[in-house]
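Below: the structure, in structure tokens.
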Amino acid sequence: MAVNSAVFSIDMSAKYDQIVGARYHIYNSLFLNLPFDNILRTGTLLPLMQQYCEAGFDRGESARDIIQQFFTDFAPHASQKEQFDLLFNFIQYVERQVALFDSIEDSEFLQINDVRGKGSISSLLLQARLEDKVEDLKAKLQKFSLRIVLTAHPTQFYPGHVLGILTDLERSIRENDLDQINLLLQQLGKTGFINKEKPTPYDEAVSLSWYLENVFYHSIPRIISALLNGLQLPISEWKNDRLIVIGFWPGGDRDGNPFVTSDITLKVAARLREGILKCYARDARFLRRRLTFRGVDKPMVDIEQKLGDMVAGRAQAYNTVDELLGELQEIRKTLVQDHDGLFVDLLDSFILKVRIFGFYFASLDIRQDSRKHDAVWKAILEKLHAEQNGISFESYSKLSDPEKINHLLSLKADIGSLKFDDALVTDTINSVKAIATIQQANGRRGSHRYVISNCQHALHIIEVFMLGKLLMGKDDSFILDVVPLFETIDDLAHAPGIMESLYAIPVYREHLTRRKNKQTIMLGFSDGTKDGGYLRANWSIFRAKEELTAVSRKNNIKALFFDGRGGPPARGGGNTHDFYASLGDTIENEEVQITIQGQTISSNFGKESSSKYNLEQLLSAGVIGDVFKHSDNPLTDTDKKLLDELAEEGYQAYLKLKHDPKFVPYLEKVTPLSFFGDSNIGSRPVKRNASDALKFEDLRAIPFVGAWAQMKQNIPGFYGVGSAISKLIERGKGEQLKNLYKGSLFFRTLMSNSMMSMTKTTYKATTYLSSDPEFGDFWKKMFAEYELSKKEALEVSGLSELMGNNPLIKDSVKLRERIVLPLIAIQQFALMSLRTSNNLSAEDETRYRKLIIRCMFGIINAARNSA
């Protein structure tokens, strides 16, 4: 398989320029013929601007010098306003070039990806047959679950109306419909790419619902059908309706977002229900046109009518999804008995969809910071004390944590009837009530998880547990999974002890028994990387998973790990499926749960082909270790000690940068960090704290990582890697690292993702900062680590160039970076002008700020996973 994969990689790399690069250049020329003002001038000058940027950066020139020279040579008489106008025209042109490139690459997805190769359902089934593991695979699939959680984090730069155009453009390119391509490019030219106003949380939910209705509704059932067909397993015998589940955060994620309220949560849940009912009604209409036989025609018409009534809000025809499934099963029975099973395959496909998506479509999670729950319980206890129903909060605050837990567990009060002046307290209570309301309307799977950010004690988990117990039901059978989230390096280290103490609480242990002895634990890559650097964060999470698995197994609990991953390697993204395939039996793997954010949703799951491919890769990675025990060499104790040492050295190197007094000022003054809040791409504020002063601990991971990506410096994705490897080589452990790279899929993936970050790094765009009086030394420190990391990564991997073992992605990155280079220069020009120019007019300052923000969109979209 390895040889075949290598041959395929070489063949595909050779074809990439032909099927993607060449087509891009052909279709790109169509822009010049669009009937817009100044389009010919813009399209003619832009390639010259690109050449000036490449040559100028190679010579170490600043973006300001490059752009000024460009105007001197090609627009010497242009006024300042005309210069700004041309730069804005360049930005708009490049934005559409990026969109075109995305559509071409997406249209050729099946040609440039080995969709039947390693990690595909086809490959999984073939391997099971060859190794006589079909029954083992069946058994694993009946209990395994892949959960993809769509988040509202602000890295999605294409508005919904643009996504629709790109979908049509991708289809037209695939069909070589030149006339339609030309029309759609004209439409793109006239369509705005940015939101004029910040989206509300509900807007974000509606935007992501597009993917549910147009992509996942089709791709997930087809994957499961392919599996069942390959395993020769009838749908009627398939019991695992949770094999692939979609989770949903927009409208439920309150952490740091004051605009998410309980009313929004209920509104989003209703929208999800409406969306799936519309899909069912459409399918029922199609089925009704096929099932025209005696005994099935009228029942099918009735089902179509009932679903239509529910969509229109005329009647609640079905109280539960089981009622609908019961009617469909009766139709199926008649089809088989009386009509030789004609069209039963179409009916089975519909039944499978209903079983997968229920009346909820996606399961809505609630998330809030533990410190908010502390405040809520303070208000509750004070109110109860005022009504002579318990101790005062002052007395409570003096108790030890175990005593506080016991006190909360002893409460029997009706806290749902209490009235509070604090909107946070009222809404937190209402948000817990909303979970029960959603379960009643959408089904139990519609919402059943409450994620606790900044979870640092068992008390934090019990606080939410008791809110659920007192607000969601009169008995102990309430349906709620309380999910602690551990993110920082310290929190990850303390997590096993916290869970050990939690499992020792009898009341909570009884609750887990009712939840089938399963405990979901979320681990955050984004804040871990921000806190401890790339190596330490990734390795700390691996170690934490091992210890949490051991603690849970000791208590007869099945740990379910929920990974909070972002798009880029710096936030746990990159080639994620190889991470799951590389985990040994020391880490629980009954489920793979992962957040999908921002552009990663559109780039990896935006089309049915890419969605199917990436879901299959994650599904296969999650089951392959158990079914085929020899799939990868697990890490030995010696390997783990080596990685402990490597991670610690990387951590110390990162801490030296993080604690440099120039670190936060550089982010604030040099990078576009402060502009993320003005980009109107998400409803959530950039900082957790509303104060004007920028504090590192208040920074959210997305703008933190995104700011480095905009600068093409990508610090969180590699910093410390070079220093760590260098230290171990000095200690004579270079060969051990090389052998580890060859033998461990985990370490190869860890290094490959970091090399991807370095491939997207362009320090020559900011060489001018090396002589900056305030930040020159700081820039040199970052650049030196980049050079060292690149050198040592190639040394350990044995590659001759970064990503040399993944030429397809390397070629894609290379083309994308070249397209977007003028935007990088324009943004640096604007940042430099704002920081160093004195006495700027208000009008010019506004223009520079707009340049920076507009460039952000194109840079992010071109990278596809940079924030």
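Residues are referred to by chain and number: the chain letter is A, B, ... according to the order shown in the structure tokens, the number counts from 1 in that chain, and ligands are numbered separately from 1 in the order shown.
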Query raised in the report: Near His373 (chain A), within 8 Å and counting only C-alpha atoms, which residues show up once chain neighbours fewer than 4 positions away are dropped, as a VMD selection string?
Result: chain A and resid 368 to 369 377 460 463 to 464
Requested in this report: From a DSSP pass on the backbone, collect the residues of region 607-682 of chain A flagged as helix (DSSP H, G or I) and hand them back as a ChimeraX atom specification.
Outcome: /A:608-627,637-658,663-669,673-678
Query raised in the report: What gap, in Å, lies between CA of Ser123 (chain A) and CA of Leu141 (chain A)?
Result: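 The value is 15.3 Å.
For the pair CA of Lys412 (chain A) and CA of Ile462 (chain A), the interatomic distance is 14.6 Å.
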Query raised in the report: With only C-alpha atoms as the basis for distance, which of A:Ala707, A:Leu277, A:Ile351, A:Val482 is at the shortest distance from Asp309 (chain A)?
Result: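 Checking each of A:Ala707, A:Leu277, A:Ile351, A:Val482 against Asp309 (chain A), counting only C-alpha atoms, the winner is A:Leu277.
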Query - Residue contacts of region 320-327 of chain A (7 Å, only C-alpha atoms) excluding same-chain residues fewer than 3 positions away, as a list in words - result: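 Here the qualifying residues turn out to be Glu330, Ile331, Ile351, Gly358, Phe359 and Gly443 of chain A.
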Those same residues, written as an mmCIF file, in the first residue's frame with all heavy atoms?
```
data_model
loop_
_atom_site.group_PDB
_atom_site.id
_atom_site.type_symbol
_atom_site.label_atom_id
_atom_site.label_comp_id
_atom_site.auth_asym_id
_atom_site.auth_seq_id
_atom_site.Cartn_x
_atom_site.Cartn_y
_atom_site.Cartn_z
ATOM 1 N N GLU A 330 -43.983 0.451 8.152
ATOM 2 C CA GLU A 330 -45.190 -0.228 7.687
ATOM 3 C C GLU A 330 -45.267 -0.202 6.165
ATOM 4 O O GLU A 330 -45.648 -1.193 5.515
ATOM 5 C CB GLU A 330 -46.436 0.439 8.295
ATOM 6 C CG GLU A 330 -46.674 0.100 9.764
ATOM 7 C CD GLU A 330 -46.892 -1.391 9.974
ATOM 8 O OE1 GLU A 330 -47.666 -2.012 9.200
ATOM 9 O OE2 GLU A 330 -46.278 -1.955 10.904
ATOM 10 N N ILE A 331 -44.908 0.939 5.571
ATOM 11 C CA ILE A 331 -44.873 1.032 4.112
ATOM 12 C C ILE A 331 -43.850 0.054 3.548
ATOM 13 O O ILE A 331 -44.088 -0.631 2.540
ATOM 14 C CB ILE A 331 -44.552 2.476 3.687
ATOM 15 C CG1 ILE A 331 -45.709 3.411 4.038
ATOM 16 C CG2 ILE A 331 -44.245 2.551 2.188
ATOM 17 C CD1 ILE A 331 -45.416 4.874 3.763
ATOM 18 N N ILE A 351 -35.395 6.165 5.137
ATOM 19 C CA ILE A 351 -35.463 5.691 6.525
ATOM 20 C C ILE A 351 -34.128 5.903 7.222
ATOM 21 O O ILE A 351 -34.077 6.333 8.389
ATOM 22 C CB ILE A 351 -35.866 4.196 6.563
ATOM 23 C CG1 ILE A 351 -37.330 4.033 6.147
ATOM 24 C CG2 ILE A 351 -35.642 3.608 7.955
ATOM 25 C CD1 ILE A 351 -37.767 2.580 5.983
ATOM 26 N N GLY A 358 -32.984 12.373 12.883
ATOM 27 C CA GLY A 358 -34.123 12.597 13.758
ATOM 28 C C GLY A 358 -34.896 13.846 13.395
ATOM 29 O O GLY A 358 -35.026 14.204 12.224
ATOM 30 N N PHE A 359 -35.404 14.542 14.415
ATOM 31 C CA PHE A 359 -36.037 15.841 14.216
ATOM 32 C C PHE A 359 -35.118 16.973 14.669
ATOM 33 O O PHE A 359 -35.568 18.101 14.850
ATOM 34 C CB PHE A 359 -37.355 15.920 14.985
ATOM 35 C CG PHE A 359 -38.496 15.169 14.346
ATOM 36 C CD1 PHE A 359 -39.621 14.835 15.070
ATOM 37 C CD2 PHE A 359 -38.435 14.797 13.007
ATOM 38 C CE1 PHE A 359 -40.677 14.145 14.480
ATOM 39 C CE2 PHE A 359 -39.479 14.099 12.408
ATOM 40 C CZ PHE A 359 -40.606 13.769 13.151
ATOM 41 N N GLY A 443 -36.266 16.098 20.238
ATOM 42 C CA GLY A 443 -35.796 14.777 20.637
ATOM 43 C C GLY A 443 -34.630 14.885 21.596
ATOM 44 O O GLY A 443 -33.968 15.923 21.686
#
```
Report summary line: Counting only C-alpha atoms, closest pick from A:Gly606, A:Gly622, A:Pro484, A:Pro199 relative to Phe109 (chain A) is A:Gly606
